[in-house]
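Asks: File name data.cif; file contents mmCIF, C-alpha atoms and all ligand atoms; chains and numbers go by the auth columns; full text below.
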```
data_my_file
#
loop_
_atom_site.group_PDB
_atom_site.id
_atom_site.type_symbol
_atom_site.label_atom_id
_atom_site.label_comp_id
_atom_site.label_asym_id
_atom_site.label_seq_id
_atom_site.Cartn_x
_atom_site.Cartn_y
_atom_site.Cartn_z
_atom_site.B_iso_or_equiv
_atom_site.auth_seq_id
_atom_site.auth_asym_id
ATOM 1 C CA MET A 1 10.567 -33.307 -3.495 0.00 1 A
ATOM 2 C CA LYS A 2 11.632 -30.170 -5.273 0.00 2 A
ATOM 3 C CA THR A 3 10.172 -26.762 -4.742 0.00 3 A
ATOM 4 C CA ILE A 4 8.880 -25.864 -8.145 0.00 4 A
ATOM 5 C CA TRP A 5 8.383 -22.163 -7.717 0.00 5 A
ATOM 6 C CA SER A 6 9.389 -19.485 -5.258 0.00 6 A
ATOM 7 C CA PRO A 7 6.928 -18.392 -2.576 0.00 7 A
ATOM 8 C CA TRP A 8 8.221 -14.818 -2.409 0.00 8 A
ATOM 9 C CA ARG A 9 7.411 -14.372 -6.086 0.00 9 A
ATOM 10 C CA LEU A 10 3.873 -15.627 -5.595 0.00 10 A
ATOM 11 C CA GLU A 11 3.344 -13.364 -2.621 0.00 11 A
ATOM 12 C CA HIS A 12 4.224 -10.469 -4.880 0.00 12 A
ATOM 13 C CA VAL A 13 1.729 -11.646 -7.498 0.00 13 A
ATOM 14 C CA LEU A 14 -1.032 -11.961 -4.917 0.00 14 A
ATOM 15 C CA GLY A 15 -0.401 -8.383 -3.857 0.00 15 A
ATOM 16 C CA LYS A 16 -1.017 -9.044 -0.193 0.00 16 A
ATOM 17 C CA LYS A 17 1.048 -10.426 2.590 0.00 17 A
ATOM 18 C CA PRO A 18 -0.098 -13.174 4.921 0.00 18 A
ATOM 19 C CA HIS A 19 -1.063 -11.991 8.403 0.00 19 A
ATOM 20 C CA THR A 20 2.034 -10.619 10.003 0.00 20 A
ATOM 21 C CA ALA A 21 0.624 -9.884 13.447 0.00 21 A
ATOM 22 C CA THR A 22 -0.618 -13.416 13.960 0.00 22 A
ATOM 23 C CA CYS A 23 0.532 -16.868 13.058 0.00 23 A
ATOM 24 C CA LEU A 24 -0.472 -18.272 9.641 0.00 24 A
ATOM 25 C CA PHE A 25 -2.064 -21.234 11.382 0.00 25 A
ATOM 26 C CA GLU A 26 -4.229 -19.063 13.606 0.00 26 A
ATOM 27 C CA PRO A 27 -6.452 -17.213 11.129 0.00 27 A
ATOM 28 C CA PRO A 28 -8.576 -14.530 12.765 0.00 28 A
ATOM 29 C CA GLY A 29 -12.172 -15.126 13.774 0.00 29 A
ATOM 30 C CA GLU A 30 -13.982 -18.207 14.909 0.00 30 A
ATOM 31 C CA GLY A 31 -15.641 -19.351 11.684 0.00 31 A
ATOM 32 C CA CYS A 32 -15.213 -22.851 10.342 0.00 32 A
ATOM 33 C CA CYS A 33 -13.914 -21.516 7.017 0.00 33 A
ATOM 34 C CA ALA A 34 -12.509 -18.320 5.489 0.00 34 A
ATOM 35 C CA LYS A 35 -11.630 -18.079 1.839 0.00 35 A
ATOM 36 C CA GLU A 36 -9.281 -15.107 2.252 0.00 36 A
ATOM 37 C CA ASP A 37 -7.122 -17.286 4.519 0.00 37 A
ATOM 38 C CA LEU A 38 -7.688 -20.429 2.396 0.00 38 A
ATOM 39 C CA LEU A 39 -9.110 -21.920 5.593 0.00 39 A
ATOM 40 C CA LEU A 40 -11.198 -24.983 4.777 0.00 40 A
ATOM 41 C CA TYR A 41 -11.924 -26.266 8.256 0.00 41 A
ATOM 42 C CA ARG A 42 -11.667 -25.164 11.880 0.00 42 A
ATOM 43 C CA ASN A 43 -13.168 -27.360 14.570 0.00 43 A
ATOM 44 C CA CYS A 44 -12.260 -29.584 17.519 0.00 44 A
ATOM 45 C CA GLY A 45 -8.969 -27.793 18.168 0.00 45 A
ATOM 46 C CA CYS A 46 -7.516 -28.158 14.707 0.00 46 A
ATOM 47 C CA ILE A 47 -7.539 -26.490 11.325 0.00 47 A
ATOM 48 C CA CYS A 48 -7.034 -27.367 7.670 0.00 48 A
ATOM 49 C CA MET A 49 -6.051 -24.869 4.983 0.00 49 A
ATOM 50 C CA LEU A 50 -4.755 -24.873 1.443 0.00 50 A
ATOM 51 C CA ASN A 51 -1.078 -24.044 1.168 0.00 51 A
ATOM 52 C CA ARG A 52 -0.787 -20.733 -0.649 0.00 52 A
ATOM 53 C CA PHE A 53 2.607 -21.906 -1.910 0.00 53 A
ATOM 54 C CA PRO A 54 1.760 -25.459 -2.965 0.00 54 A
ATOM 55 C CA TYR A 55 3.981 -28.210 -4.274 0.00 55 A
ATOM 56 C CA THR A 56 1.017 -29.545 -6.215 0.00 56 A
ATOM 57 C CA ASN A 57 -2.614 -28.620 -6.682 0.00 57 A
ATOM 58 C CA GLY A 58 -4.585 -29.382 -3.504 0.00 58 A
ATOM 59 C CA HIS A 59 -1.596 -29.205 -1.135 0.00 59 A
ATOM 60 C CA LEU A 60 -3.231 -29.097 2.323 0.00 60 A
ATOM 61 C CA LEU A 61 -1.848 -28.033 5.689 0.00 61 A
ATOM 62 C CA VAL A 62 -3.353 -29.498 8.862 0.00 62 A
ATOM 63 C CA ALA A 63 -2.424 -28.003 12.222 0.00 63 A
ATOM 64 C CA PRO A 64 -3.518 -28.003 15.829 0.00 64 A
ATOM 65 C CA ALA A 65 -5.191 -24.735 16.809 0.00 65 A
ATOM 66 C CA ARG A 66 -2.706 -24.382 19.638 0.00 66 A
ATOM 67 C CA HIS A 67 0.623 -22.761 18.817 0.00 67 A
ATOM 68 C CA VAL A 68 3.044 -25.598 19.537 0.00 68 A
ATOM 69 C CA SER A 69 6.179 -26.495 17.634 0.00 69 A
ATOM 70 C CA CYS A 70 6.510 -30.249 18.069 0.00 70 A
ATOM 71 C CA ILE A 71 4.291 -33.300 17.935 0.00 71 A
ATOM 72 C CA THR A 72 5.519 -34.175 21.427 0.00 72 A
ATOM 73 C CA ASP A 73 3.805 -31.004 22.717 0.00 73 A
ATOM 74 C CA LEU A 74 0.367 -32.394 21.876 0.00 74 A
ATOM 75 C CA ASP A 75 -1.785 -34.182 24.385 0.00 75 A
ATOM 76 C CA SER A 76 -3.983 -37.125 23.454 0.00 76 A
ATOM 77 C CA LYS A 77 -7.114 -34.959 23.233 0.00 77 A
ATOM 78 C CA GLU A 78 -5.428 -32.885 20.531 0.00 78 A
ATOM 79 C CA MET A 79 -3.789 -35.806 18.763 0.00 79 A
ATOM 80 C CA THR A 80 -6.953 -37.711 17.901 0.00 80 A
ATOM 81 C CA PRO A 81 -8.923 -34.983 16.078 0.00 81 A
ATOM 82 C CA LEU A 82 -5.717 -33.846 14.373 0.00 82 A
ATOM 83 C CA MET A 83 -4.980 -37.294 12.947 0.00 83 A
ATOM 84 C CA GLU A 84 -8.643 -37.731 12.015 0.00 84 A
ATOM 85 C CA LEU A 85 -8.441 -34.452 10.113 0.00 85 A
ATOM 86 C CA VAL A 86 -5.298 -35.601 8.294 0.00 86 A
ATOM 87 C CA SER A 87 -7.191 -38.731 7.305 0.00 87 A
ATOM 88 C CA ALA A 88 -10.337 -36.817 6.307 0.00 88 A
ATOM 89 C CA GLY A 89 -8.309 -34.341 4.248 0.00 89 A
ATOM 90 C CA THR A 90 -6.647 -37.203 2.430 0.00 90 A
ATOM 91 C CA ALA A 91 -10.013 -38.832 1.715 0.00 91 A
ATOM 92 C CA ILE A 92 -11.438 -35.540 0.442 0.00 92 A
ATOM 93 C CA LEU A 93 -8.485 -34.978 -1.883 0.00 93 A
ATOM 94 C CA ARG A 94 -8.870 -38.512 -3.190 0.00 94 A
ATOM 95 C CA ARG A 95 -12.563 -37.959 -3.945 0.00 95 A
ATOM 96 C CA VAL A 96 -12.244 -34.489 -5.454 0.00 96 A
ATOM 97 C CA LEU A 97 -8.878 -34.502 -7.211 0.00 97 A
ATOM 98 C CA ASP A 98 -8.327 -38.235 -7.840 0.00 98 A
ATOM 99 C CA PRO A 99 -4.550 -38.285 -7.250 0.00 99 A
ATOM 100 C CA ASP A 100 -2.410 -41.388 -7.783 0.00 100 A
ATOM 101 C CA GLY A 101 -0.722 -41.070 -4.385 0.00 101 A
ATOM 102 C CA PHE A 102 0.149 -38.760 -1.490 0.00 102 A
ATOM 103 C CA ASN A 103 3.077 -37.445 0.460 0.00 103 A
ATOM 104 C CA ILE A 104 1.987 -36.810 4.045 0.00 104 A
ATOM 105 C CA GLY A 105 4.371 -35.555 6.649 0.00 105 A
ATOM 106 C CA LEU A 106 5.763 -33.171 9.194 0.00 106 A
ATOM 107 C CA ASN A 107 8.849 -31.016 9.057 0.00 107 A
ATOM 108 C CA ILE A 108 9.858 -30.286 12.637 0.00 108 A
ATOM 109 C CA GLY A 109 12.420 -27.524 13.065 0.00 109 A
ATOM 110 C CA SER A 110 13.637 -25.116 10.420 0.00 110 A
ATOM 111 C CA GLU A 111 16.735 -27.289 9.904 0.00 111 A
ATOM 112 C CA ALA A 112 14.375 -30.062 8.795 0.00 112 A
ATOM 113 C CA GLY A 113 12.671 -27.804 6.286 0.00 113 A
ATOM 114 C CA ALA A 114 9.775 -26.360 8.249 0.00 114 A
ATOM 115 C CA GLY A 115 8.831 -23.008 6.709 0.00 115 A
ATOM 116 C CA ILE A 116 6.999 -21.989 9.866 0.00 116 A
ATOM 117 C CA ALA A 117 8.816 -23.898 12.577 0.00 117 A
ATOM 118 C CA ASP A 118 6.921 -22.380 15.519 0.00 118 A
ATOM 119 C CA HIS A 119 3.591 -23.994 14.713 0.00 119 A
ATOM 120 C CA LEU A 120 3.359 -27.693 14.009 0.00 120 A
ATOM 121 C CA HIS A 121 1.644 -28.566 10.718 0.00 121 A
ATOM 122 C CA PHE A 122 1.146 -31.622 8.574 0.00 122 A
ATOM 123 C CA HIS A 123 1.551 -31.411 4.813 0.00 123 A
ATOM 124 C CA ILE A 124 -0.797 -33.471 2.669 0.00 124 A
ATOM 125 C CA VAL A 125 0.513 -33.355 -0.887 0.00 125 A
ATOM 126 C CA PRO A 126 -1.468 -35.182 -3.564 0.00 126 A
ATOM 127 C CA ARG A 127 0.703 -36.663 -6.294 0.00 127 A
ATOM 128 C CA TRP A 128 -0.022 -37.648 -9.867 0.00 128 A
ATOM 129 C CA ARG A 129 1.934 -39.869 -12.186 0.00 129 A
ATOM 130 C CA ASN A 130 2.367 -36.917 -14.514 0.00 130 A
ATOM 131 C CA ASP A 131 2.660 -34.163 -11.911 0.00 131 A
ATOM 132 C CA VAL A 132 6.003 -32.950 -13.210 0.00 132 A
ATOM 133 C CA ASN A 133 4.179 -31.827 -16.328 0.00 133 A
ATOM 134 C CA PHE A 134 1.323 -30.532 -14.248 0.00 134 A
ATOM 135 C CA MET A 135 3.634 -28.379 -12.162 0.00 135 A
ATOM 136 C CA THR A 136 5.308 -27.033 -15.256 0.00 136 A
ATOM 137 C CA VAL A 137 1.938 -25.672 -16.249 0.00 137 A
ATOM 138 C CA LEU A 138 1.399 -24.193 -12.780 0.00 138 A
ATOM 139 C CA ALA A 139 4.836 -22.605 -12.819 0.00 139 A
ATOM 140 C CA ASP A 140 3.216 -19.847 -14.825 0.00 140 A
ATOM 141 C CA VAL A 141 2.697 -17.662 -11.757 0.00 141 A
ATOM 142 C CA ARG A 142 -0.122 -15.712 -13.367 0.00 142 A
ATOM 143 C CA ALA A 143 -2.266 -18.824 -13.273 0.00 143 A
ATOM 144 C CA ILE A 144 -1.685 -19.794 -9.650 0.00 144 A
ATOM 145 C CA PRO A 145 -3.933 -17.494 -7.588 0.00 145 A
ATOM 146 C CA GLU A 146 -7.026 -18.270 -9.598 0.00 146 A
ATOM 147 C CA HIS A 147 -6.164 -21.925 -9.563 0.00 147 A
ATOM 148 C CA ILE A 148 -5.901 -22.027 -5.759 0.00 148 A
ATOM 149 C CA GLU A 149 -9.250 -20.289 -5.360 0.00 149 A
ATOM 150 C CA MET A 150 -10.865 -22.740 -7.768 0.00 150 A
ATOM 151 C CA THR A 151 -9.407 -25.633 -5.799 0.00 151 A
ATOM 152 C CA TYR A 152 -10.691 -24.052 -2.576 0.00 152 A
ATOM 153 C CA ASP A 153 -14.204 -23.844 -4.011 0.00 153 A
ATOM 154 C CA ARG A 154 -14.098 -27.495 -5.029 0.00 154 A
ATOM 155 C CA LEU A 155 -12.821 -28.731 -1.656 0.00 155 A
ATOM 156 C CA LEU A 156 -14.897 -26.561 0.673 0.00 156 A
ATOM 157 C CA PRO A 157 -18.254 -28.405 0.300 0.00 157 A
ATOM 158 C CA GLU A 158 -16.533 -31.663 1.243 0.00 158 A
ATOM 159 C CA PHE A 159 -14.991 -30.104 4.336 0.00 159 A
ATOM 160 C CA GLN A 160 -18.372 -28.675 5.303 0.00 160 A
ATOM 161 C CA VAL A 161 -19.877 -32.143 5.138 0.00 161 A
ATOM 162 C CA TYR A 162 -17.055 -33.363 7.362 0.00 162 A
ATOM 163 C CA TYR A 163 -17.655 -30.456 9.748 0.00 163 A
ATOM 164 C CA GLN A 164 -21.323 -31.355 10.037 0.00 164 A
ATOM 165 C CA SER A 165 -20.567 -35.032 10.559 0.00 165 A
ATOM 166 C CA ARG A 166 -18.120 -34.174 13.345 0.00 166 A
ATOM 167 C CA ASN A 167 -20.608 -31.958 15.120 0.00 167 A
ATOM 168 C CA ILE A 168 -23.411 -34.511 14.851 0.00 168 A
ATOM 169 C CA HIS A 169 -21.018 -37.118 16.221 0.00 169 A
ATOM 170 C CA HIS A 170 -20.091 -34.872 19.141 0.00 170 A
ATOM 171 C CA HIS A 171 -23.706 -34.134 19.906 0.00 171 A
ATOM 172 C CA ASP A 172 -24.530 -37.855 19.965 0.00 172 A
ATOM 173 C CA SER A 173 -21.597 -38.786 22.168 0.00 173 A
ATOM 174 C CA SER A 174 -22.399 -36.109 24.722 0.00 174 A
ATOM 175 C CA ALA A 175 -26.068 -37.101 24.976 0.00 175 A
HETATM 176 ZN ZN ZN B . 0.597 -20.487 15.651 0.00 201 A
#
```
Mind turning the file's structure into structure tokens?
Ligand SMILES: [Zn+2]

Replies:
Amino acid sequence: MKTIWSPWRLEHVLGKKPHTATCLFEPPGEGCCAKEDLLLYRNCGCICMLNRFPYTNGHLLVAPARHVSCITDLDSKEMTPLMELVSAGTAILRRVLDPDGFNIGLNIGSEAGAGIADHLHFHIVPRWRNDVNFMTVLADVRAIPEHIEMTYDRLLPEFQVYYQSRNIHHHDSSA
């Protein structure tokens, strides 16, 4: 997969830097979502956010809340909700954006292409038959920030439904 545009250029367009004091995958606060961080979901020890530097529209990042660098650092209690969130994120993208396929994966270690190698994160990249053309359109950097916020607004209600379903499930299982 090719990188279609350059993150450092987009950061300049957005006019603000990501959090420097903390890790990208540990947005401040405790809330289950935060638009300024593109955080769509935080619950059960894991998070999901939109990638501010996406390969395609709807490019999600799913990470454990804990700052670990490798999948082998996770215990089974972290693994299950994380994989369920990868699955839920994929289902939500399918419902909302109707892609033709997905690339889902991990880059572990900067040599393997991880942009932030310190904190494990899954990429969920929806793909369309015509997404080369689509990305050409998005390569106009002026259009990207608004586009990401629009995508966030479309995805958030679905993640909130998932959040509620998880919490109802947890309540039931603990009763
Ligand atoms: Zn971290």

Asks: Step by step, work through what the PyMOL selection byres (((not hetatm)) within 7 of (chain A and resi 201)) selects in the shown file, and finish by giving those residues as a ChimeraX atom specification.

Replies: /A:23-26,66-68,118-119

Asks: For the selection you just gave me, I'd like the residues written to a file as a PDB file, in the coordinates of the input, keeping C-alpha atoms.

Replies:
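Output saved as again_31.pdb:
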```
ATOM      1  CA  CYS A  23       0.532 -16.868  13.058  1.00  0.00           C
ATOM      2  CA  LEU A  24      -0.472 -18.272   9.641  1.00  0.00           C
ATOM      3  CA  PHE A  25      -2.064 -21.234  11.382  1.00  0.00           C
ATOM      4  CA  GLU A  26      -4.229 -19.063  13.606  1.00  0.00           C
ATOM      5  CA  ARG A  66      -2.706 -24.382  19.638  1.00  0.00           C
ATOM      6  CA  HIS A  67       0.623 -22.761  18.817  1.00  0.00           C
ATOM      7  CA  VAL A  68       3.044 -25.598  19.537  1.00  0.00           C
ATOM      8  CA  ASP A 118       6.921 -22.380  15.519  1.00  0.00           C
ATOM      9  CA  HIS A 119       3.591 -23.994  14.713  1.00  0.00           C
TER      10      HIS A 119
END
```

Asks: Evaluate the PyMOL selection byres (((chain A and resi 104) around 9) and not hetatm) and record the selected residues as a PyMOL selection string, following the chain and residue labels used in the document.

Replies: chain A and resi 86+90+102-103+105-106+122-126

Asks: To test the calculation: enclose all listed atoms of stretch 55-59 of chain A in a box whose edges run along x, y and z, add 8 Å on each side, then state centre and edge lengths in Å to one decimal, as lines of an AutoDock Vina configuration file.

Replies:
```
center_x = -0.3
center_y = -28.9
center_z = -3.9
size_x = 24.6
size_y = 17.3
size_z = 21.5
```

Asks: Can you tell me how far atom CA of A:Gln160 sits from atom CA of A:Thr80, in Å to one decimal?

Replies: 19.3 Å

Asks: Step by step, work through what the PyMOL selection byres (((chain A and resi 34-45) around 9) and not hetatm) selects in the shown file, and finish by giving those residues as an NGL selection string.

Replies: :A and (18-19 or 24 or 27-33 or 46-52 or 63-66 or 77-78 or 81-82 or 148-149 or 152-153 or 155-156 or 159-160 or 162-163 or 166-167)

Asks: For those residues, write C-alpha atoms to a file as an mmCIF file, in the coordinates of the input.

Replies:
```
data_model
loop_
_atom_site.group_PDB
_atom_site.id
_atom_site.type_symbol
_atom_site.label_atom_id
_atom_site.label_comp_id
_atom_site.auth_asym_id
_atom_site.auth_seq_id
_atom_site.Cartn_x
_atom_site.Cartn_y
_atom_site.Cartn_z
ATOM 1 C CA PRO A 18 -0.098 -13.174 4.921
ATOM 2 C CA HIS A 19 -1.063 -11.991 8.403
ATOM 3 C CA LEU A 24 -0.472 -18.272 9.641
ATOM 4 C CA PRO A 27 -6.452 -17.213 11.129
ATOM 5 C CA PRO A 28 -8.576 -14.530 12.765
ATOM 6 C CA GLY A 29 -12.172 -15.126 13.774
ATOM 7 C CA GLU A 30 -13.982 -18.207 14.909
ATOM 8 C CA GLY A 31 -15.641 -19.351 11.684
ATOM 9 C CA CYS A 32 -15.213 -22.851 10.342
ATOM 10 C CA CYS A 33 -13.914 -21.516 7.017
ATOM 11 C CA CYS A 46 -7.516 -28.158 14.707
ATOM 12 C CA ILE A 47 -7.539 -26.490 11.325
ATOM 13 C CA CYS A 48 -7.034 -27.367 7.670
ATOM 14 C CA MET A 49 -6.051 -24.869 4.983
ATOM 15 C CA LEU A 50 -4.755 -24.873 1.443
ATOM 16 C CA ASN A 51 -1.078 -24.044 1.168
ATOM 17 C CA ARG A 52 -0.787 -20.733 -0.649
ATOM 18 C CA ALA A 63 -2.424 -28.003 12.222
ATOM 19 C CA PRO A 64 -3.518 -28.003 15.829
ATOM 20 C CA ALA A 65 -5.191 -24.735 16.809
ATOM 21 C CA ARG A 66 -2.706 -24.382 19.638
ATOM 22 C CA LYS A 77 -7.114 -34.959 23.233
ATOM 23 C CA GLU A 78 -5.428 -32.885 20.531
ATOM 24 C CA PRO A 81 -8.923 -34.983 16.078
ATOM 25 C CA LEU A 82 -5.717 -33.846 14.373
ATOM 26 C CA ILE A 148 -5.901 -22.027 -5.759
ATOM 27 C CA GLU A 149 -9.250 -20.289 -5.360
ATOM 28 C CA TYR A 152 -10.691 -24.052 -2.576
ATOM 29 C CA ASP A 153 -14.204 -23.844 -4.011
ATOM 30 C CA LEU A 155 -12.821 -28.731 -1.656
ATOM 31 C CA LEU A 156 -14.897 -26.561 0.673
ATOM 32 C CA PHE A 159 -14.991 -30.104 4.336
ATOM 33 C CA GLN A 160 -18.372 -28.675 5.303
ATOM 34 C CA TYR A 162 -17.055 -33.363 7.362
ATOM 35 C CA TYR A 163 -17.655 -30.456 9.748
ATOM 36 C CA ARG A 166 -18.120 -34.174 13.345
ATOM 37 C CA ASN A 167 -20.608 -31.958 15.120
#
```

Asks: Find the distance between atom CA of A:Glu111 and atom CA of A:Tyr55 and write it in Å to one decimal.

Replies: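 According to the coordinates, atom CA of A:Glu111 and atom CA of A:Tyr55 are separated by 19.1 Å.
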
Asks: Considering all atoms listed in the file, state which residue in the set A:Thr72, A:Gly58, A:His121, A:Ser110 is at the smallest distance from A:Arg95.

Replies: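 Distance minimum relative to A:Arg95 lands on A:Gly58.
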
Asks: Rounded to one decimal place, report the atom CA of A:Ile116-atom CA of A:Val62 distance in Å.

Replies: 12.8 Å

Asks: Which is closest to A:Ile108 among A:Ser76, A:Thr22, A:Ser69, A:Ser87, if we use all atoms listed in the file?

Replies: A:Ser69
